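S.K.: Below is run-v5.txt; it holds compact mmCIF, C-alpha atoms.
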```
# COMPACT_ATOMS: atom_id res chain seq x y z
CA MET A 250 70.37 156.61 282.56
CA THR A 251 71.83 155.57 279.23
CA THR A 252 74.34 157.61 277.26
CA GLN A 253 71.67 158.14 274.59
CA GLU A 254 69.24 159.56 277.13
CA LYS A 255 71.92 161.87 278.52
CA GLU A 256 72.72 163.08 275.02
CA CYS A 257 69.06 163.68 274.23
CA ILE A 258 68.43 165.66 277.40
CA CYS A 259 71.58 167.69 276.76
CA LEU A 260 70.37 168.43 273.23
CA VAL A 261 67.09 169.69 274.64
CA ALA A 262 68.94 171.89 277.15
CA LEU A 263 71.25 173.24 274.45
CA SER A 264 68.30 173.96 272.18
CA ALA A 265 66.67 175.85 275.06
CA ALA A 266 69.83 177.89 275.62
CA PHE A 267 69.88 178.98 271.99
CA ALA A 268 66.11 179.44 271.63
CA ASP A 269 66.37 183.24 271.84
CA GLY A 270 68.77 183.37 268.90
CA ALA A 271 71.79 184.23 271.07
CA LYS A 272 74.49 181.81 270.04
CA SER A 273 77.69 183.43 271.25
CA GLU A 274 80.96 181.56 271.39
CA SER A 275 81.04 182.04 275.17
CA GLU A 276 77.71 180.21 275.48
CA ARG A 277 78.94 177.40 273.26
CA ALA A 278 82.15 177.08 275.28
CA GLN A 279 80.18 176.98 278.53
CA PHE A 280 78.03 174.11 277.33
CA ARG A 281 80.93 172.20 275.81
CA GLY A 282 82.51 172.33 279.25
CA LEU A 283 79.30 171.08 280.85
CA LEU A 284 78.96 168.19 278.46
CA GLY A 285 82.58 167.29 279.08
CA GLN A 286 81.77 166.98 282.80
CA LEU A 287 78.93 164.64 281.94
CA ASP A 288 81.36 162.19 280.38
CA LEU A 289 79.98 162.84 276.91
CA PRO A 290 83.05 162.94 274.68
CA ASN A 291 81.14 164.24 271.64
CA ALA A 292 80.34 167.56 273.33
CA ALA A 293 81.32 169.71 270.35
CA GLU A 294 79.12 167.62 268.05
CA LEU A 295 76.13 168.01 270.38
CA VAL A 296 76.54 171.79 270.39
CA SER A 297 76.67 171.81 266.60
CA ARG A 298 73.57 169.63 266.36
CA ALA A 299 71.68 171.92 268.73
CA LEU A 300 72.52 174.91 266.54
CA LEU A 301 70.63 173.24 263.69
CA GLY A 302 67.39 174.07 265.48
CA ARG A 303 64.13 172.19 265.37
CA ALA A 304 65.43 169.14 263.52
CA ALA A 305 67.84 168.40 266.35
CA LEU A 306 65.14 169.05 268.93
CA GLY A 307 62.78 166.55 267.33
CA GLU A 308 65.56 163.99 267.20
CA ALA A 309 66.33 164.54 270.88
CA VAL A 310 62.68 164.23 271.93
CA ALA A 311 62.32 160.99 270.00
CA GLY A 312 65.14 159.48 272.04
CA LEU A 313 63.39 160.10 275.37
CA THR A 314 61.22 157.05 275.86
CA SER A 315 60.31 157.25 279.55
CA ALA A 316 57.92 159.74 281.15
CA GLU A 317 60.59 160.49 283.75
CA ALA A 318 63.19 161.43 281.14
CA ARG A 319 60.69 163.64 279.28
CA THR A 320 59.77 165.43 282.50
CA LEU A 321 63.41 165.99 283.39
CA ALA A 322 64.16 167.32 279.90
CA TYR A 323 61.35 169.87 280.10
CA GLU A 324 62.23 171.02 283.62
CA MET A 325 65.86 171.53 282.61
CA ALA A 326 64.80 173.45 279.52
CA VAL A 327 62.75 175.79 281.71
CA CYS A 328 65.73 176.28 284.03
CA ILE A 329 68.10 177.04 281.16
CA VAL A 330 65.65 179.47 279.54
CA GLU A 331 65.08 181.31 282.82
CA ALA A 332 68.78 181.32 283.74
CA ASP A 333 69.67 184.43 281.73
CA GLY A 334 66.49 186.36 282.51
CA HIS A 335 62.75 185.85 282.40
CA ARG A 336 61.69 184.12 279.17
CA ASN A 337 60.94 186.23 276.11
CA ALA A 338 58.41 185.50 273.38
CA ALA A 339 60.76 183.27 271.37
CA GLU A 340 61.69 181.25 274.44
CA ALA A 341 58.06 180.92 275.51
CA GLN A 342 57.20 179.60 272.06
CA PHE A 343 60.11 177.16 272.25
CA LEU A 344 58.89 175.79 275.58
CA ALA A 345 55.33 175.44 274.25
CA THR A 346 56.64 173.53 271.22
CA LEU A 347 58.82 171.35 273.42
CA ALA A 348 55.94 170.51 275.78
CA GLY A 349 53.86 169.47 272.77
CA GLN A 350 56.61 167.28 271.32
CA LEU A 351 57.22 165.68 274.69
CA GLN A 352 53.47 165.04 275.00
CA LEU A 353 53.41 166.41 278.53
CA PRO A 354 50.02 166.88 280.21
CA PRO A 355 49.14 170.60 280.06
CA GLU A 356 48.95 170.86 283.84
CA GLN A 357 52.50 169.53 284.15
CA SER A 358 54.09 172.03 281.77
CA THR A 359 51.99 174.85 283.20
CA ARG A 360 53.08 174.01 286.74
CA ALA A 361 56.78 174.25 285.81
CA LEU A 362 56.23 177.66 284.23
CA GLN A 363 54.24 178.85 287.23
CA VAL A 364 57.13 177.91 289.52
CA ALA A 365 59.53 179.87 287.31
CA ASP A 366 57.17 182.87 287.32
CA ALA A 367 56.80 182.76 291.10
CA VAL A 368 60.54 182.56 291.66
CA SER A 369 61.17 185.39 289.20
CA ALA A 370 58.61 187.63 290.93
CA SER A 371 59.92 186.93 294.42
CA ALA A 372 63.54 187.43 293.37
CA ALA A 373 63.08 191.19 293.05
CA LEU A 374 64.57 193.17 295.91
CA PRO A 375 62.61 195.93 297.63
CA GLU A 376 63.03 199.43 296.24
CA ALA A 377 66.24 201.01 297.47
CA ALA A 378 65.60 203.01 300.61
CA ALA A 379 67.78 204.45 303.30
CA ALA A 380 68.83 201.71 305.67
CA PRO A 381 68.36 202.34 309.37
CA ALA A 382 71.43 203.56 311.19
CA GLN A 383 73.23 200.79 313.00
CA PRO A 384 75.65 200.83 315.93
CA ALA A 385 79.20 199.68 315.42
CA PRO A 386 79.03 195.96 314.61
CA ARG A 387 79.94 193.45 317.24
CA ALA A 388 82.55 190.83 316.48
CA VAL A 389 79.84 188.17 316.46
CA ASP A 390 76.12 188.76 315.94
CA PRO A 391 74.28 185.55 316.92
CA ALA A 392 71.02 186.56 315.18
CA LEU A 393 72.76 187.31 311.89
CA GLU A 394 74.86 184.17 312.11
CA ALA A 395 71.69 182.12 312.63
CA SER A 396 70.06 183.76 309.60
CA ILE A 397 73.05 182.97 307.37
CA ARG A 398 73.10 179.38 308.58
CA ARG A 399 69.35 178.88 308.03
CA THR A 400 69.55 180.34 304.52
CA ALA A 401 72.52 178.15 303.61
CA ILE A 402 70.76 175.02 304.88
CA LEU A 403 67.66 175.94 302.89
CA ALA A 404 69.74 176.49 299.74
CA GLY A 405 71.34 173.08 300.20
CA ALA A 406 67.93 171.49 300.77
CA LEU A 407 66.70 172.84 297.43
CA GLU A 408 69.26 170.60 295.73
CA LEU A 409 67.43 167.59 297.14
CA LEU A 410 64.02 168.42 295.72
CA PRO A 411 63.18 166.14 292.80
CA GLN A 412 62.11 169.05 290.58
CA SER A 413 64.94 170.65 288.62
CA ALA A 414 63.15 174.00 288.82
CA ALA A 415 64.16 174.27 292.48
CA THR A 416 67.63 175.25 291.24
CA LEU A 417 66.15 178.55 290.06
CA ALA A 418 65.52 179.62 293.65
CA VAL A 419 69.13 179.32 294.81
CA LEU A 420 70.43 182.63 293.42
CA PRO A 421 67.39 184.65 294.59
CA LEU A 422 67.94 183.20 298.08
CA GLN A 423 71.57 184.31 297.95
CA THR A 424 70.64 187.73 296.57
CA HIS A 425 68.18 188.38 299.39
CA LEU A 426 70.75 187.15 301.92
CA VAL A 427 73.32 189.72 300.75
CA TYR A 428 70.63 192.40 300.82
CA ARG A 429 69.63 191.54 304.39
CA VAL A 430 73.23 191.49 305.61
CA GLY A 431 73.94 194.87 304.02
CA ARG A 432 70.81 196.39 305.53
CA HIS A 433 71.74 194.93 308.90
CA TYR A 434 74.89 197.03 308.87
CA GLY A 435 73.11 200.19 307.74
CA HIS A 436 73.91 200.13 304.01
CA THR A 437 71.44 201.20 301.35
CA LEU A 438 71.46 198.54 298.63
CA ASP A 439 69.66 198.01 295.35
CA ALA A 440 69.47 195.12 292.89
CA GLY A 441 72.29 196.52 290.75
CA HIS A 442 74.73 196.65 293.64
CA VAL A 443 73.91 193.13 294.84
CA LYS A 444 74.21 191.74 291.32
CA GLU A 445 77.60 193.39 290.93
CA PHE A 446 78.71 192.01 294.30
CA LEU A 447 77.74 188.48 293.26
CA GLY A 448 79.26 188.96 289.81
CA VAL A 449 82.68 189.67 291.33
CA LEU A 450 82.51 186.19 292.86
CA GLY A 451 81.36 184.56 289.62
CA LEU A 452 77.94 183.74 291.02
CA GLY A 453 75.07 183.98 288.56
CA LEU A 454 71.88 182.14 287.76
CA ALA A 455 73.16 180.85 284.43
CA SER A 456 76.31 179.32 285.89
CA GLN A 457 74.50 177.85 288.90
CA ALA A 458 71.73 176.39 286.75
CA VAL A 459 74.26 174.73 284.46
CA GLU A 460 76.34 173.44 287.36
CA GLY A 461 73.21 172.19 289.11
CA MET A 462 72.24 170.31 285.99
CA ALA A 463 75.66 168.68 285.85
CA ARG A 464 75.46 167.64 289.50
CA LYS A 465 72.06 166.03 288.99
CA PHE A 466 73.53 163.90 286.22
CA LEU A 467 76.77 163.11 287.98
CA GLY A 468 75.19 162.49 291.36
CA GLY A 469 72.45 160.24 290.07
CA LEU A 470 69.69 162.48 291.41
CA ILE A 471 67.63 161.80 288.31
CA ARG A 472 66.56 158.53 289.92
CA ARG A 473 63.30 159.43 291.57
CA ALA A 474 60.78 157.50 293.60
CA GLY A 475 57.27 158.85 293.55
CA GLY A 476 58.45 162.45 293.72
CA SER A 477 60.28 161.88 296.99
CA LEU A 478 63.96 162.32 297.73
CA ALA A 479 66.05 159.88 295.75
CA GLY A 480 69.54 158.52 295.26
CA THR A 481 72.04 157.09 297.70
CA VAL A 482 73.45 159.10 300.57
CA ALA A 483 76.78 159.36 298.78
CA SER A 484 75.26 160.61 295.53
CA MET A 485 72.96 163.02 297.36
CA SER A 486 75.81 164.72 299.21
CA THR A 487 77.53 166.59 296.41
CA GLY A 488 74.93 169.15 295.38
CA PRO A 489 73.59 170.04 298.85
CA VAL A 490 77.07 170.45 300.34
CA VAL A 491 78.31 172.59 297.44
CA THR A 492 75.26 174.85 297.54
CA PHE A 493 75.29 175.10 301.33
CA ALA A 494 78.98 176.02 301.29
CA THR A 495 78.57 178.64 298.56
CA THR A 496 75.66 180.31 300.35
CA TYR A 497 77.25 180.13 303.80
CA ALA A 498 80.54 181.56 302.53
CA LEU A 499 78.66 184.29 300.67
CA GLY A 500 76.78 185.31 303.81
CA HIS A 501 79.95 185.58 305.87
CA LEU A 502 81.77 187.45 303.13
CA ALA A 503 78.91 189.95 302.97
CA GLN A 504 79.06 190.25 306.76
CA ARG A 505 82.75 191.11 306.67
CA TYR A 506 82.36 193.43 303.69
CA TYR A 507 79.48 195.52 305.00
CA ALA A 508 80.57 195.48 308.63
CA GLY A 509 83.91 196.85 307.46
CA GLY A 510 82.42 199.70 305.47
CA ARG A 511 82.68 198.13 301.98
CA THR A 512 86.44 198.66 301.78
CA LEU A 513 87.52 195.29 300.32
CA SER A 514 88.75 195.35 296.75
CA ALA A 515 87.50 192.91 294.11
CA LEU A 516 90.63 190.80 294.55
CA GLN A 517 90.22 190.78 298.32
CA LEU A 518 86.56 189.80 297.95
CA LYS A 519 87.50 186.81 295.80
CA GLU A 520 90.31 185.69 298.10
CA THR A 521 88.19 186.05 301.23
CA PHE A 522 85.28 184.21 299.60
CA HIS A 523 87.46 181.23 298.75
CA GLU A 524 88.82 181.16 302.31
CA HIS A 525 85.28 181.04 303.68
CA LEU A 526 84.28 178.48 301.03
CA THR A 527 86.97 176.01 302.06
CA ARG A 528 85.80 176.05 305.67
CA ALA A 529 82.13 175.98 304.69
CA ARG A 530 82.52 172.79 302.64
CA THR A 531 83.71 170.92 305.71
CA GLN A 532 80.85 172.32 307.76
CA GLY A 533 78.34 171.49 305.03
CA ALA A 534 79.40 167.85 305.00
CA SER A 535 78.85 167.64 308.76
CA LEU A 536 75.43 169.29 308.42
CA LEU A 537 74.20 167.02 305.63
CA PRO A 538 71.68 165.21 307.89
CA GLU A 539 70.21 168.58 308.90
CA ILE A 540 70.06 169.68 305.24
CA GLN A 541 68.27 166.43 304.35
CA GLU A 542 65.82 166.95 307.20
CA ARG A 543 65.10 170.50 305.97
CA ALA A 544 64.29 169.12 302.53
CA ARG A 545 61.62 166.82 303.90
CA GLY A 546 58.27 168.50 303.53
CA LEU A 547 59.75 171.34 301.47
CA ASN A 548 57.82 172.00 298.24
CA LEU A 549 57.97 174.42 295.35
CA ALA A 550 54.85 176.29 296.44
CA GLN A 551 56.80 177.57 299.45
CA LEU A 552 59.64 179.07 297.43
CA PRO A 553 58.40 182.68 297.01
CA ALA A 554 57.86 183.17 300.74
CA LEU A 555 61.11 181.41 301.60
CA ILE A 556 63.10 183.55 299.16
CA ARG A 557 61.76 186.77 300.65
CA GLY A 558 62.09 185.73 304.29
CA ALA A 559 64.33 182.65 304.32
```
Just give me the structure of the file as structure tokens.

M.R.:
Amino acid sequence: MTTQEKECICLVALSAAFADGAKSESERAQFRGLLGQLDLPNAAELVSRALLGRAALGEAVAGLTSAEARTLAYEMAVCIVEADGHRNAAEAQFLATLAGQLQLPPEQSTRALQVADAVSASAALPEAAAAPAQPAPRAVDPALEASIRRTAILAGALELLPQSAATLAVLPLQTHLVYRVGRHYGHTLDAGHVKEFLGVLGLGLASQAVEGMARKFLGGLIRRAGGSLAGTVASMSTGPVVTFATTYALGHLAQRYYAGGRTLSALQLKETFHEHLTRARTQGASLLPEIQERARGLNLAQLPALIRGA
């Protein structure tokens, strides 16, 4: 991918981020950091150009000459729009305009939106209800450990799907994992509590979508072959291992937190999470073949059911 193509796709993503009119300095700083990671030294200039609106968008689209680059740009725009909540009217109009400028077949743009809608619908947790009483937790629960491991492998496998929209399913997977662990230990949870728990750790859809986008650039995962898994083994390892480790560490942190009666402070949660994360990265690297195997045959149509049941 040329520097020009990277810049054009980043301009599309930035335009998507600002499509709802929210142009806070924190958002600008976040994207300047992202563009810096992508080895694009003119990050500040790209942000400024994106703030100009449609003129910059048209310029960016014109620089995307291959069908592959246009598809990637649209998928990333959908991810960025959905990252801070389900799209509003302004964002929906932006995506419709973008699809037209990119000259995407209607079925292609519709499919990406349908995936986003399905993930958004399945992300909702069940209504808060009293959790069943549980006996005192054992030191090790094999069934729960297996569930955490399966969910982490699935989250890592999502990084290997060629469609960028798969990134949207990672946080819902993690949210449902925390919910299941809490319920396992007899705690009544709702969406607000789980979101707050994840927020303490700095885990959110916006940050993970942006980081996932950076990894796809840096790892070379934009090279696709007929919609199948792509890239070298070395380039494919970064995203899956990071996402596996984050999810695995999150599951074990939730296990410790809820088994212990929710007594850890915010500082203790962060420290414990990073301890688990360090160990999980090593484990994720050793499990990369299993993560790759899980990705084979996995498709976006399965995401809603997988999110709810993992």

S.K.: Within 12 Å of Leu353 (chain A), counting only C-alpha atoms, which residues qualify if same-chain residues fewer than 4 places away don't, as a list of chain:residue names?

M.R.: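 The contact residues come out as A:Val310, A:Ser315, A:Ala316, A:Glu317, A:Ala318, A:Arg319, A:Thr320, A:Leu321, A:Ala322, A:Tyr323, A:Glu324, A:Leu344, A:Ala345, A:Thr346, A:Leu347, A:Ala348, A:Gly349, A:Gln357, A:Ser358, A:Thr359, A:Arg360, A:Ala361.
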
S.K.: Report as a PyMOL selection string all protein, DNA and RNA residues lying within 10 Å of region 422-428 of chain A, evaluated on only C-alpha atoms, omitting residues in the same chain fewer than 6 positions from it.

M.R.: chain A and resi 368+371-375+396-397+400-401+403-404+436-440+442-444+446-447+452-453+495-497+499-504+507+552-553+555-559

S.K.: May I have the selected residues written with C-alpha atoms, as an mmCIF file, keeping the file's coordinate frame?

M.R.:
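Okay, this is what ended up in out13.cif:
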```cif
data_model
loop_
_atom_site.group_PDB
_atom_site.id
_atom_site.type_symbol
_atom_site.label_atom_id
_atom_site.label_comp_id
_atom_site.auth_asym_id
_atom_site.auth_seq_id
_atom_site.Cartn_x
_atom_site.Cartn_y
_atom_site.Cartn_z
ATOM 1 C CA VAL A 368 60.540 182.560 291.660
ATOM 2 C CA SER A 371 59.920 186.930 294.420
ATOM 3 C CA ALA A 372 63.540 187.430 293.370
ATOM 4 C CA ALA A 373 63.080 191.190 293.050
ATOM 5 C CA LEU A 374 64.570 193.170 295.910
ATOM 6 C CA PRO A 375 62.610 195.930 297.630
ATOM 7 C CA SER A 396 70.060 183.760 309.600
ATOM 8 C CA ILE A 397 73.050 182.970 307.370
ATOM 9 C CA THR A 400 69.550 180.340 304.520
ATOM 10 C CA ALA A 401 72.520 178.150 303.610
ATOM 11 C CA LEU A 403 67.660 175.940 302.890
ATOM 12 C CA ALA A 404 69.740 176.490 299.740
ATOM 13 C CA HIS A 436 73.910 200.130 304.010
ATOM 14 C CA THR A 437 71.440 201.200 301.350
ATOM 15 C CA LEU A 438 71.460 198.540 298.630
ATOM 16 C CA ASP A 439 69.660 198.010 295.350
ATOM 17 C CA ALA A 440 69.470 195.120 292.890
ATOM 18 C CA HIS A 442 74.730 196.650 293.640
ATOM 19 C CA VAL A 443 73.910 193.130 294.840
ATOM 20 C CA LYS A 444 74.210 191.740 291.320
ATOM 21 C CA PHE A 446 78.710 192.010 294.300
ATOM 22 C CA LEU A 447 77.740 188.480 293.260
ATOM 23 C CA LEU A 452 77.940 183.740 291.020
ATOM 24 C CA GLY A 453 75.070 183.980 288.560
ATOM 25 C CA THR A 495 78.570 178.640 298.560
ATOM 26 C CA THR A 496 75.660 180.310 300.350
ATOM 27 C CA TYR A 497 77.250 180.130 303.800
ATOM 28 C CA LEU A 499 78.660 184.290 300.670
ATOM 29 C CA GLY A 500 76.780 185.310 303.810
ATOM 30 C CA HIS A 501 79.950 185.580 305.870
ATOM 31 C CA LEU A 502 81.770 187.450 303.130
ATOM 32 C CA ALA A 503 78.910 189.950 302.970
ATOM 33 C CA GLN A 504 79.060 190.250 306.760
ATOM 34 C CA TYR A 507 79.480 195.520 305.000
ATOM 35 C CA LEU A 552 59.640 179.070 297.430
ATOM 36 C CA PRO A 553 58.400 182.680 297.010
ATOM 37 C CA LEU A 555 61.110 181.410 301.600
ATOM 38 C CA ILE A 556 63.100 183.550 299.160
ATOM 39 C CA ARG A 557 61.760 186.770 300.650
ATOM 40 C CA GLY A 558 62.090 185.730 304.290
ATOM 41 C CA ALA A 559 64.330 182.650 304.320
#
```

S.K.: How many Å separate CA of Ala341 (chain A) from CA of Val261 (chain A)?

M.R.: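 Separation of CA of Ala341 (chain A) and CA of Val261 (chain A): 14.4 Å.
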
S.K.: Which of these, A:Ala395, A:Leu351, A:Ala534, A:Leu313, has the shortest distance to Gln253 (chain A) once you count all atoms listed in the file?

M.R.: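 Answer, going by the shortest atom-to-atom distance: A:Leu313.
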
S.K.: I'd like to know which of A:Arg511, A:Arg429, A:Lys255, A:Arg545 is closest to Leu410 (chain A), using only C-alpha atoms.

M.R.: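 Answer, going by the shortest atom-to-atom distance: A:Arg545.
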
S.K.: Which residue out of A:Ala339, A:Ala262, A:Val430, A:Ala508 has the minimum interatomic distance to Met325 (chain A) when all atoms listed in the file are used?

M.R.: A:Ala262
